[in-house]
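This report refers to the structure that appears directly beneath it.
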Amino acid sequence: MCSKRERKMERSAPATCQGEPSAVHQNSETKDVFGSSGTPDCVVHGDSNHPDIWFNAHDNRATTQPQKRSYAEVFGHCPVSTCNLSTNYSADSAAGDAVVFHGAPLEIPVPPRAFPDQVYVFFMLEPPTKLGFGEQKTSPWNSAFNWTWGYRHDADIRTTYFYLEHSKQLPSISFLKDLVRKKEKPAAWFVSNCYEQAQRLRYVERLKEVLPVDVYGDCGTLHCTTWATECDTMLTKYFFYLSFENSFCQDYVTEKFSRAFLKDVYVVPVARGGLNYSHHFPQGIFINADDFSSPEELGMYLKKLMNDEDAYIDMLWRIAHFVDLDSYKNPYYYSWCQLCDKLHRLQDNAKTYPDVFGWYHDGTCRPPREF
């Protein structure tokens with residue numbers, strides 16, 4: 001008897017049924033995954049028993065593409081791993097169980113599905129404030145998607161910008177005490193987007209009236225190569241690192257926050273954004289700017305903490321319990337596992353978004369609190 005995948009392939013070319021479904025998942029078949037910006041990004045071709053897995057690196061962010069790993073590893077570590085990945089949409093679209101679109105390419109028509117239950121996935125890691133999808137509700141793309149994939153907790157496939165692990169080894173209090181006594185400066189901030197919804201620059205200008213802040217990037221006078229190791233280790237000379245997001249949007253938190261948890265970086269993060277930080281992270285490993293009525297009040301608190309050695313060391317010790325290793329447990333790779341698993345359980349996950357732009361945009365962001 002032909003499998004579903006084999007029946008799909010018969011629609012475009014004669015096929016011969018061969019072999020049995022994979023034993024990795026009960027009654028499962030090897031799934032084919034596509035994806036894109038403009039045209040879909042991910043596709044499979046070749047022998048499904050020995051699939052070629054590859055990815056179109058259209059987006060240079062580490063959070064949105066498999067980098068410097070064999071593409072078999074995209075699914076190889078997954079509990080349900082019988083999925084294939086490719087980018088040859090034009091050649092293989094008829095065989096794919098899913099098509100992953102990076103956003104919605106509004107400049108082109110919605111391509112017809114190769115078969116009725118082919119899944120269209122809306123992938124997006126940017127917040128609504130940076131995009132105009134909320135104004136495109138009359139577009140056919142608005143009702144074209146079955147699943148969502150992004151940072152939101154209510155997305156069908158969830159990914160985040162970082163993964164914090166429990167540290168395997170903690171520093172001694174004496175080590176932290178020596179390190180703190182060598183710190184030279186109050187606070188650092190890395191920023192390149194100077195004009196955005198969160199009004200970060202105006203907030204920091206007010207903060208600087210109370211506490212000196214070194215500003216690196218396009219919005220300041222200091223420079224350091226983005227994500228260079230020396231920029232991370234340099235943070236150790238600061239007491240605080242400003243993790244200020246560009247938008248106040250539901251569940252939105254980026255690698256800015258995790259930078260304070262990189263190995264051998266001992267600095268206290270000051271967070272400001274739309275995430276409910278205390279719901280997701282333990283108390284004592286960050287300072288939330290929104291807990292203070294003004295930038296000046298925050299600055300006074302930070303100055304007080306700088307002068308309270310025991311309290312500051314206690315925070316560093318709590319922070320040291322967690323580390324961002326940028327490891328194989330990168331949440332982006334685990335989100336591919338979610339996709340693969342869902343494709344093996346289509347009947348349990350059948351849905352269509354009648355208003356995906358509304359889901360993505362409406363009521364999900366707020367202006368910053370008055371300060």
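Ordering of the structure tokens sets the chain letters (A, B, ...), residue numbers begin anew at 1 in every chain, and ligands are numbered from 1 in the order given.
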May I have the residues within 8 Å of A:Pro367 as a PDB file with N, CA and C atoms, in the first residue's frame, using only C-alpha atoms and disregarding those fewer than 4 positions away in the same chain?
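Result went into result-v1.pdb, see below:
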ATOM      1  N   GLN A 197      10.176  51.970  19.183  1.00  0.00           N
ATOM      2  CA  GLN A 197       8.992  52.110  20.018  1.00  0.00           C
ATOM      3  C   GLN A 197       9.314  52.250  21.494  1.00  0.00           C
ATOM      4  N   ALA A 198      10.380  51.609  21.963  1.00  0.00           N
ATOM      5  CA  ALA A 198      10.656  51.551  23.399  1.00  0.00           C
ATOM      6  C   ALA A 198      11.287  52.820  23.968  1.00  0.00           C
ATOM      7  N   PHE A 248       8.151  46.826  23.340  1.00  0.00           N
ATOM      8  CA  PHE A 248       7.426  46.245  24.469  1.00  0.00           C
ATOM      9  C   PHE A 248       6.309  45.367  23.908  1.00  0.00           C
TER      10      PHE A 248
END
Sorted by chain and rising residue number, list the residues of stretch 157-187 of chain A at most 10 Å from stretch 313-320 of chain A (counting only C-alpha atoms), each with its closest atom pair and distance in Å to one decimal, as JSON lines.
{"residue": "A:His166", "atom": "CA", "partner": "A:Ala320", "partner_atom": "CA", "distance": 8.7}
{"residue": "A:Ser167", "atom": "CA", "partner": "A:Ala320", "partner_atom": "CA", "distance": 6.9}
{"residue": "A:Lys168", "atom": "CA", "partner": "A:Ala320", "partner_atom": "CA", "distance": 9.8}
{"residue": "A:Gln169", "atom": "CA", "partner": "A:Ala320", "partner_atom": "CA", "distance": 8.6}
{"residue": "A:Leu170", "atom": "CA", "partner": "A:Ala320", "partner_atom": "CA", "distance": 6.3}
{"residue": "A:Pro171", "atom": "CA", "partner": "A:Ala320", "partner_atom": "CA", "distance": 7.3}
{"residue": "A:Ser172", "atom": "CA", "partner": "A:Trp317", "partner_atom": "CA", "distance": 8.3}
{"residue": "A:Ile173", "atom": "CA", "partner": "A:Trp317", "partner_atom": "CA", "distance": 7.5}
{"residue": "A:Ser174", "atom": "CA", "partner": "A:Ile313", "partner_atom": "CA", "distance": 9.7}
{"residue": "A:Phe175", "atom": "CA", "partner": "A:Ile313", "partner_atom": "CA", "distance": 10.0}
{"residue": "A:Leu176", "atom": "CA", "partner": "A:Ile313", "partner_atom": "CA", "distance": 6.5}
{"residue": "A:Lys177", "atom": "CA", "partner": "A:Ile313", "partner_atom": "CA", "distance": 6.7}
{"residue": "A:Leu179", "atom": "CA", "partner": "A:Ile313", "partner_atom": "CA", "distance": 9.4}
{"residue": "A:Val180", "atom": "CA", "partner": "A:Ile313", "partner_atom": "CA", "distance": 7.4}
Next, write the just-selected residues to a file, as an mmCIF file, in the first residue's frame, keeping all heavy atoms as the atom set.
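That gives us result-v4.cif:
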data_model
loop_
_atom_site.group_PDB
_atom_site.id
_atom_site.type_symbol
_atom_site.label_atom_id
_atom_site.label_comp_id
_atom_site.auth_asym_id
_atom_site.auth_seq_id
_atom_site.Cartn_x
_atom_site.Cartn_y
_atom_site.Cartn_z
ATOM 1 N N HIS A 166 21.584 25.233 33.523
ATOM 2 C CA HIS A 166 22.151 25.276 34.862
ATOM 3 C C HIS A 166 23.657 25.042 34.780
ATOM 4 O O HIS A 166 24.119 24.133 34.090
ATOM 5 C CB HIS A 166 21.506 24.202 35.748
ATOM 6 C CG HIS A 166 20.119 24.558 36.188
ATOM 7 N ND1 HIS A 166 19.868 25.435 37.220
ATOM 8 C CD2 HIS A 166 18.907 24.168 35.725
ATOM 9 C CE1 HIS A 166 18.574 25.567 37.381
ATOM 10 N NE2 HIS A 166 17.961 24.810 36.481
ATOM 11 N N SER A 167 24.408 25.869 35.466
ATOM 12 C CA SER A 167 25.867 25.740 35.454
ATOM 13 C C SER A 167 26.299 24.456 36.154
ATOM 14 O O SER A 167 25.691 24.025 37.132
ATOM 15 C CB SER A 167 26.506 26.943 36.160
ATOM 16 O OG SER A 167 26.119 28.147 35.549
ATOM 17 N N LYS A 168 27.344 23.878 35.626
ATOM 18 C CA LYS A 168 27.882 22.650 36.222
ATOM 19 C C LYS A 168 28.882 22.949 37.329
ATOM 20 O O LYS A 168 29.199 22.083 38.139
ATOM 21 C CB LYS A 168 28.529 21.799 35.132
ATOM 22 C CG LYS A 168 27.538 21.297 34.089
ATOM 23 C CD LYS A 168 28.224 20.457 33.028
ATOM 24 C CE LYS A 168 27.213 19.958 32.001
ATOM 25 N NZ LYS A 168 27.852 19.158 30.931
ATOM 26 N N GLN A 169 29.389 24.174 37.339
ATOM 27 C CA GLN A 169 30.371 24.538 38.358
ATOM 28 C C GLN A 169 30.160 25.989 38.757
ATOM 29 O O GLN A 169 30.022 26.871 37.896
ATOM 30 C CB GLN A 169 31.796 24.331 37.826
ATOM 31 C CG GLN A 169 32.872 24.564 38.863
ATOM 32 C CD GLN A 169 34.259 24.216 38.313
ATOM 33 O OE1 GLN A 169 34.404 23.849 37.157
ATOM 34 N NE2 GLN A 169 35.268 24.348 39.158
ATOM 35 N N LEU A 170 30.132 26.243 40.045
ATOM 36 C CA LEU A 170 29.915 27.598 40.547
ATOM 37 C C LEU A 170 31.231 28.217 41.007
ATOM 38 O O LEU A 170 32.096 27.521 41.551
ATOM 39 C CB LEU A 170 28.935 27.578 41.718
ATOM 40 C CG LEU A 170 27.491 27.186 41.386
ATOM 41 C CD1 LEU A 170 26.665 27.097 42.664
ATOM 42 C CD2 LEU A 170 26.878 28.179 40.418
ATOM 43 N N PRO A 171 31.395 29.519 40.817
ATOM 44 C CA PRO A 171 32.594 30.197 41.316
ATOM 45 C C PRO A 171 32.519 30.318 42.836
ATOM 46 O O PRO A 171 31.443 30.326 43.430
ATOM 47 C CB PRO A 171 32.526 31.561 40.645
ATOM 48 C CG PRO A 171 31.069 31.796 40.444
ATOM 49 C CD PRO A 171 30.466 30.458 40.145
ATOM 50 N N SER A 172 33.668 30.448 43.442
ATOM 51 C CA SER A 172 33.707 30.657 44.889
ATOM 52 C C SER A 172 33.377 32.108 45.206
ATOM 53 O O SER A 172 33.541 33.005 44.364
ATOM 54 C CB SER A 172 35.081 30.299 45.443
ATOM 55 O OG SER A 172 36.061 31.204 44.948
ATOM 56 N N ILE A 173 32.943 32.345 46.425
ATOM 57 C CA ILE A 173 32.655 33.713 46.848
ATOM 58 C C ILE A 173 33.926 34.559 46.840
ATOM 59 O O ILE A 173 33.901 35.735 46.470
ATOM 60 C CB ILE A 173 32.017 33.713 48.248
ATOM 61 C CG1 ILE A 173 30.671 32.989 48.218
ATOM 62 C CG2 ILE A 173 31.842 35.131 48.757
ATOM 63 C CD1 ILE A 173 29.639 33.623 47.307
ATOM 64 N N SER A 174 35.043 33.958 47.204
ATOM 65 C CA SER A 174 36.306 34.707 47.208
ATOM 66 C C SER A 174 36.696 35.129 45.793
ATOM 67 O O SER A 174 37.201 36.240 45.575
ATOM 68 C CB SER A 174 37.421 33.872 47.839
ATOM 69 O OG SER A 174 37.631 32.676 47.111
ATOM 70 N N PHE A 175 36.442 34.259 44.810
ATOM 71 C CA PHE A 175 36.717 34.620 43.414
ATOM 72 C C PHE A 175 35.845 35.805 42.995
ATOM 73 O O PHE A 175 36.327 36.762 42.370
ATOM 74 C CB PHE A 175 36.448 33.424 42.505
ATOM 75 C CG PHE A 175 36.455 33.757 41.037
ATOM 76 C CD1 PHE A 175 37.648 33.826 40.329
ATOM 77 C CD2 PHE A 175 35.264 34.006 40.353
ATOM 78 C CE1 PHE A 175 37.658 34.145 38.981
ATOM 79 C CE2 PHE A 175 35.263 34.320 39.008
ATOM 80 C CZ PHE A 175 36.462 34.390 38.321
ATOM 81 N N LEU A 176 34.567 35.742 43.322
ATOM 82 C CA LEU A 176 33.659 36.827 42.959
ATOM 83 C C LEU A 176 34.036 38.124 43.664
ATOM 84 O O LEU A 176 33.941 39.214 43.085
ATOM 85 C CB LEU A 176 32.220 36.439 43.295
ATOM 86 C CG LEU A 176 31.616 35.296 42.465
ATOM 87 C CD1 LEU A 176 30.221 34.970 42.954
ATOM 88 C CD2 LEU A 176 31.596 35.652 40.983
ATOM 89 N N LYS A 177 34.477 38.009 44.901
ATOM 90 C CA LYS A 177 34.869 39.213 45.644
ATOM 91 C C LYS A 177 36.074 39.884 44.986
ATOM 92 O O LYS A 177 36.092 41.115 44.808
ATOM 93 C CB LYS A 177 35.187 38.842 47.088
ATOM 94 C CG LYS A 177 35.499 40.043 47.977
ATOM 95 C CD LYS A 177 35.661 39.632 49.427
ATOM 96 C CE LYS A 177 34.344 39.160 50.023
ATOM 97 N NZ LYS A 177 34.435 38.939 51.485
ATOM 98 N N LEU A 179 36.892 39.631 41.870
ATOM 99 C CA LEU A 179 36.451 40.139 40.572
ATOM 100 C C LEU A 179 35.711 41.471 40.732
ATOM 101 O O LEU A 179 35.936 42.420 39.979
ATOM 102 C CB LEU A 179 35.555 39.087 39.920
ATOM 103 C CG LEU A 179 35.028 39.368 38.516
ATOM 104 C CD1 LEU A 179 34.953 38.077 37.720
ATOM 105 C CD2 LEU A 179 33.656 40.021 38.554
ATOM 106 N N VAL A 180 34.851 41.554 41.726
ATOM 107 C CA VAL A 180 34.068 42.771 41.943
ATOM 108 C C VAL A 180 34.969 43.942 42.300
ATOM 109 O O VAL A 180 34.760 45.079 41.843
ATOM 110 C CB VAL A 180 33.012 42.539 43.045
ATOM 111 C CG1 VAL A 180 32.375 43.855 43.478
ATOM 112 C CG2 VAL A 180 31.947 41.569 42.554
#
- Find the spatial neighbours of stretch 270-274 of chain A, counting only C-alpha atoms, within a cut-off of 9 Å - ignore same-chain residues fewer than 5 positions away - and output them as number ranges by chain. A: 198, 200, 240-253, 256-257, 286-290, 365-366, 368
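Closest approach to A:Glu126 from the set A:Phe371, A:Trp141, A:Tyr360, A:Tyr266 is made by A:Tyr360, with distances taken over only C-alpha atoms.
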Picked from stretch 103-311 of chain A by DSSP as strand (DSSP E or B), as a PDB file with N, CA and C atoms, in the first residue's frame:
ATOM      1  N   VAL A 119       0.746  21.940   4.791  1.00  0.00           N
ATOM      2  CA  VAL A 119       0.731  22.921   5.871  1.00  0.00           C
ATOM      3  C   VAL A 119       1.579  24.134   5.487  1.00  0.00           C
ATOM      4  N   TYR A 120       0.999  25.327   5.622  1.00  0.00           N
ATOM      5  CA  TYR A 120       1.732  26.571   5.444  1.00  0.00           C
ATOM      6  C   TYR A 120       2.034  27.143   6.830  1.00  0.00           C
ATOM      7  N   VAL A 121       3.310  27.444   7.078  1.00  0.00           N
ATOM      8  CA  VAL A 121       3.761  27.884   8.397  1.00  0.00           C
ATOM      9  C   VAL A 121       4.256  29.327   8.317  1.00  0.00           C
ATOM     10  N   PHE A 122       3.765  30.163   9.221  1.00  0.00           N
ATOM     11  CA  PHE A 122       4.186  31.565   9.337  1.00  0.00           C
ATOM     12  C   PHE A 122       5.306  31.636  10.367  1.00  0.00           C
ATOM     13  N   PHE A 123       6.546  31.895   9.918  1.00  0.00           N
ATOM     14  CA  PHE A 123       7.719  31.971  10.793  1.00  0.00           C
ATOM     15  C   PHE A 123       8.116  33.432  10.965  1.00  0.00           C
ATOM     16  N   MET A 124       8.227  33.874  12.229  1.00  0.00           N
ATOM     17  CA  MET A 124       8.622  35.267  12.461  1.00  0.00           C
ATOM     18  C   MET A 124       9.206  35.417  13.862  1.00  0.00           C
ATOM     19  N   TRP A 147      -0.124  27.110  10.700  1.00  0.00           N
ATOM     20  CA  TRP A 147       0.615  27.131  11.955  1.00  0.00           C
ATOM     21  C   TRP A 147       1.452  28.403  12.042  1.00  0.00           C
ATOM     22  N   THR A 148       1.759  28.789  13.272  1.00  0.00           N
ATOM     23  CA  THR A 148       2.679  29.900  13.524  1.00  0.00           C
ATOM     24  C   THR A 148       3.932  29.362  14.212  1.00  0.00           C
ATOM     25  N   TRP A 149       5.052  30.034  13.965  1.00  0.00           N
ATOM     26  CA  TRP A 149       6.347  29.611  14.502  1.00  0.00           C
ATOM     27  C   TRP A 149       7.097  30.870  14.907  1.00  0.00           C
ATOM     28  N   GLY A 150       7.353  31.042  16.216  1.00  0.00           N
ATOM     29  CA  GLY A 150       8.051  32.239  16.654  1.00  0.00           C
ATOM     30  C   GLY A 150       8.263  32.261  18.151  1.00  0.00           C
ATOM     31  N   ILE A 157       4.548  26.511  17.071  1.00  0.00           N
ATOM     32  CA  ILE A 157       5.923  26.037  17.221  1.00  0.00           C
ATOM     33  C   ILE A 157       6.691  27.180  17.872  1.00  0.00           C
ATOM     34  N   ARG A 158       7.257  26.937  19.023  1.00  0.00           N
ATOM     35  CA  ARG A 158       7.867  28.021  19.780  1.00  0.00           C
ATOM     36  C   ARG A 158       9.380  27.938  19.749  1.00  0.00           C
ATOM     37  N   GLU A 165      21.173  27.287  30.590  1.00  0.00           N
ATOM     38  CA  GLU A 165      21.331  26.001  31.249  1.00  0.00           C
ATOM     39  C   GLU A 165      21.819  26.216  32.678  1.00  0.00           C
ATOM     40  N   HIS A 166      21.584  25.233  33.523  1.00  0.00           N
ATOM     41  CA  HIS A 166      22.151  25.276  34.862  1.00  0.00           C
ATOM     42  C   HIS A 166      23.657  25.042  34.780  1.00  0.00           C
ATOM     43  N   LYS A 185      33.805  50.291  35.928  1.00  0.00           N
ATOM     44  CA  LYS A 185      32.790  51.215  35.422  1.00  0.00           C
ATOM     45  C   LYS A 185      31.392  50.744  35.807  1.00  0.00           C
ATOM     46  N   PRO A 186      30.451  51.694  35.882  1.00  0.00           N
ATOM     47  CA  PRO A 186      29.101  51.331  36.325  1.00  0.00           C
ATOM     48  C   PRO A 186      28.310  50.486  35.324  1.00  0.00           C
ATOM     49  N   ALA A 187      28.117  50.964  34.078  1.00  0.00           N
ATOM     50  CA  ALA A 187      27.181  50.277  33.182  1.00  0.00           C
ATOM     51  C   ALA A 187      27.589  50.418  31.727  1.00  0.00           C
ATOM     52  N   ALA A 188      27.216  49.385  30.946  1.00  0.00           N
ATOM     53  CA  ALA A 188      27.460  49.384  29.505  1.00  0.00           C
ATOM     54  C   ALA A 188      26.160  49.058  28.780  1.00  0.00           C
ATOM     55  N   TRP A 189      26.062  49.574  27.555  1.00  0.00           N
ATOM     56  CA  TRP A 189      24.887  49.317  26.729  1.00  0.00           C
ATOM     57  C   TRP A 189      25.334  49.192  25.283  1.00  0.00           C
ATOM     58  N   PHE A 190      24.951  48.110  24.616  1.00  0.00           N
ATOM     59  CA  PHE A 190      25.233  47.909  23.194  1.00  0.00           C
ATOM     60  C   PHE A 190      23.930  48.143  22.432  1.00  0.00           C
ATOM     61  N   VAL A 213      26.926  55.742  31.861  1.00  0.00           N
ATOM     62  CA  VAL A 213      26.669  54.582  31.014  1.00  0.00           C
ATOM     63  C   VAL A 213      27.520  54.700  29.760  1.00  0.00           C
ATOM     64  N   ASP A 214      28.336  53.688  29.479  1.00  0.00           N
ATOM     65  CA  ASP A 214      29.100  53.637  28.235  1.00  0.00           C
ATOM     66  C   ASP A 214      28.207  53.033  27.147  1.00  0.00           C
ATOM     67  N   VAL A 215      27.987  53.788  26.070  1.00  0.00           N
ATOM     68  CA  VAL A 215      27.093  53.349  24.998  1.00  0.00           C
ATOM     69  C   VAL A 215      27.925  52.945  23.789  1.00  0.00           C
ATOM     70  N   TYR A 216      27.819  51.674  23.420  1.00  0.00           N
ATOM     71  CA  TYR A 216      28.545  51.130  22.272  1.00  0.00           C
ATOM     72  C   TYR A 216      27.592  50.974  21.094  1.00  0.00           C
ATOM     73  N   LEU A 222      31.186  54.818  21.490  1.00  0.00           N
ATOM     74  CA  LEU A 222      32.124  53.710  21.615  1.00  0.00           C
ATOM     75  C   LEU A 222      31.744  52.597  20.645  1.00  0.00           C
ATOM     76  N   TYR A 238      32.412  45.967  33.980  1.00  0.00           N
ATOM     77  CA  TYR A 238      31.246  46.773  34.334  1.00  0.00           C
ATOM     78  C   TYR A 238      30.442  46.089  35.436  1.00  0.00           C
ATOM     79  N   PHE A 239      29.755  46.900  36.220  1.00  0.00           N
ATOM     80  CA  PHE A 239      28.843  46.353  37.225  1.00  0.00           C
ATOM     81  C   PHE A 239      27.527  45.896  36.588  1.00  0.00           C
ATOM     82  N   PHE A 240      27.050  46.662  35.587  1.00  0.00           N
ATOM     83  CA  PHE A 240      25.732  46.387  35.022  1.00  0.00           C
ATOM     84  C   PHE A 240      25.780  46.407  33.497  1.00  0.00           C
ATOM     85  N   TYR A 241      24.910  45.600  32.912  1.00  0.00           N
ATOM     86  CA  TYR A 241      24.747  45.570  31.467  1.00  0.00           C
ATOM     87  C   TYR A 241      23.279  45.834  31.159  1.00  0.00           C
ATOM     88  N   LEU A 242      22.995  46.849  30.342  1.00  0.00           N
ATOM     89  CA  LEU A 242      21.615  47.215  30.026  1.00  0.00           C
ATOM     90  C   LEU A 242      21.081  46.312  28.915  1.00  0.00           C
ATOM     91  N   SER A 243      20.108  45.512  29.264  1.00  0.00           N
ATOM     92  CA  SER A 243      19.435  44.636  28.302  1.00  0.00           C
ATOM     93  C   SER A 243      18.081  45.259  27.977  1.00  0.00           C
ATOM     94  N   PHE A 244      18.093  46.249  27.108  1.00  0.00           N
ATOM     95  CA  PHE A 244      16.892  47.010  26.784  1.00  0.00           C
ATOM     96  C   PHE A 244      16.388  46.593  25.397  1.00  0.00           C
ATOM     97  N   CYS A 249       6.657  44.144  23.583  1.00  0.00           N
ATOM     98  CA  CYS A 249       5.714  43.228  22.946  1.00  0.00           C
ATOM     99  C   CYS A 249       5.607  41.931  23.734  1.00  0.00           C
ATOM    100  N   LEU A 262      26.705  34.605  29.513  1.00  0.00           N
ATOM    101  CA  LEU A 262      27.746  33.915  28.778  1.00  0.00           C
ATOM    102  C   LEU A 262      28.869  33.493  29.721  1.00  0.00           C
ATOM    103  N   VAL A 268      25.722  42.107  36.008  1.00  0.00           N
ATOM    104  CA  VAL A 268      24.307  42.029  36.364  1.00  0.00           C
ATOM    105  C   VAL A 268      23.478  42.656  35.247  1.00  0.00           C
ATOM    106  N   PRO A 269      22.525  41.926  34.664  1.00  0.00           N
ATOM    107  CA  PRO A 269      21.695  42.493  33.601  1.00  0.00           C
ATOM    108  C   PRO A 269      20.578  43.368  34.167  1.00  0.00           C
ATOM    109  N   VAL A 270      20.358  44.494  33.506  1.00  0.00           N
ATOM    110  CA  VAL A 270      19.221  45.367  33.814  1.00  0.00           C
ATOM    111  C   VAL A 270      18.273  45.256  32.632  1.00  0.00           C
ATOM    112  N   ALA A 271      17.124  44.640  32.849  1.00  0.00           N
ATOM    113  CA  ALA A 271      16.203  44.333  31.759  1.00  0.00           C
ATOM    114  C   ALA A 271      15.138  45.421  31.622  1.00  0.00           C
ATOM    115  N   ARG A 272      14.703  45.624  30.382  1.00  0.00           N
ATOM    116  CA  ARG A 272      13.590  46.527  30.098  1.00  0.00           C
ATOM    117  C   ARG A 272      12.934  46.056  28.808  1.00  0.00           C
ATOM    118  N   ILE A 287      17.716  42.773  37.180  1.00  0.00           N
ATOM    119  CA  ILE A 287      17.016  43.945  37.696  1.00  0.00           C
ATOM    120  C   ILE A 287      16.075  44.422  36.599  1.00  0.00           C
ATOM    121  N   ASN A 288      14.807  44.635  36.938  1.00  0.00           N
ATOM    122  CA  ASN A 288      13.819  45.066  35.955  1.00  0.00           C
ATOM    123  C   ASN A 288      13.626  46.578  36.064  1.00  0.00           C
TER     124      ASN A 288
END
- For atom CA of A:Gly358 and atom CA of A:Lys137, determine how far apart the two atoms are, in Å to one decimal place.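 Computed distance, atom CA of A:Gly358 to atom CA of A:Lys137, equals 7.5 Å.
Neighbours of A:Asn349 closer than or equal to 12 Å, with only C-alpha atoms counted and sequence neighbours fewer than 3 positions away skipped, come out as Asp117, Val119, Asn146, Trp147, Thr148, Asp156, Ile157, Gln338, Leu339, Asp341, Lys342, Leu343, His344, Arg345, Leu346 and Thr352 of chain A.
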Any chance you could export the current selection's N, CA and C atoms as a compact mmCIF listing (two decimals), in the first residue's frame?
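So the final result, stored in out-v8.txt, reads:
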# COMPACT_ATOMS: atom_id res chain seq x y z
N ASP A 117 -3.98 19.05 2.36
CA ASP A 117 -3.49 19.10 3.74
C ASP A 117 -2.03 19.53 3.84
N VAL A 119 0.75 21.94 4.79
CA VAL A 119 0.73 22.92 5.87
C VAL A 119 1.58 24.13 5.49
N ASN A 146 -1.55 27.83 8.38
CA ASN A 146 -2.08 26.81 9.30
C ASN A 146 -1.42 26.88 10.67
N TRP A 147 -0.12 27.11 10.70
CA TRP A 147 0.61 27.13 11.95
C TRP A 147 1.45 28.40 12.04
N THR A 148 1.76 28.79 13.27
CA THR A 148 2.68 29.90 13.52
C THR A 148 3.93 29.36 14.21
N ASP A 156 2.27 27.97 17.59
CA ASP A 156 2.16 26.52 17.45
C ASP A 156 3.52 25.85 17.58
N ILE A 157 4.55 26.51 17.07
CA ILE A 157 5.92 26.04 17.22
C ILE A 157 6.69 27.18 17.87
N GLN A 338 9.94 20.32 17.10
CA GLN A 338 8.51 20.51 17.27
C GLN A 338 7.79 20.41 15.93
N LEU A 339 8.38 21.02 14.91
CA LEU A 339 7.78 20.99 13.58
C LEU A 339 7.70 19.56 13.06
N ASP A 341 7.71 16.77 14.75
CA ASP A 341 6.75 15.99 15.53
C ASP A 341 5.31 16.31 15.12
N LYS A 342 5.01 17.58 14.93
CA LYS A 342 3.65 17.97 14.57
C LYS A 342 3.26 17.43 13.20
N LEU A 343 4.23 17.35 12.29
CA LEU A 343 3.93 16.83 10.96
C LEU A 343 3.58 15.35 11.00
N HIS A 344 4.01 14.67 12.04
CA HIS A 344 3.65 13.26 12.20
C HIS A 344 2.31 13.10 12.91
N ARG A 345 1.74 14.20 13.34
CA ARG A 345 0.45 14.15 14.05
C ARG A 345 -0.49 15.21 13.47
N LEU A 346 -0.63 15.20 12.16
CA LEU A 346 -1.41 16.24 11.49
C LEU A 346 -2.86 16.27 11.96
N THR A 352 -6.43 26.36 10.89
CA THR A 352 -6.15 27.44 9.95
C THR A 352 -6.36 28.76 10.68
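For the choices A:Thr129, A:Thr159, A:Gln136, A:Asn142, the atom-to-atom distance to A:Tyr334 is smallest for A:Thr159 when using only C-alpha atoms.
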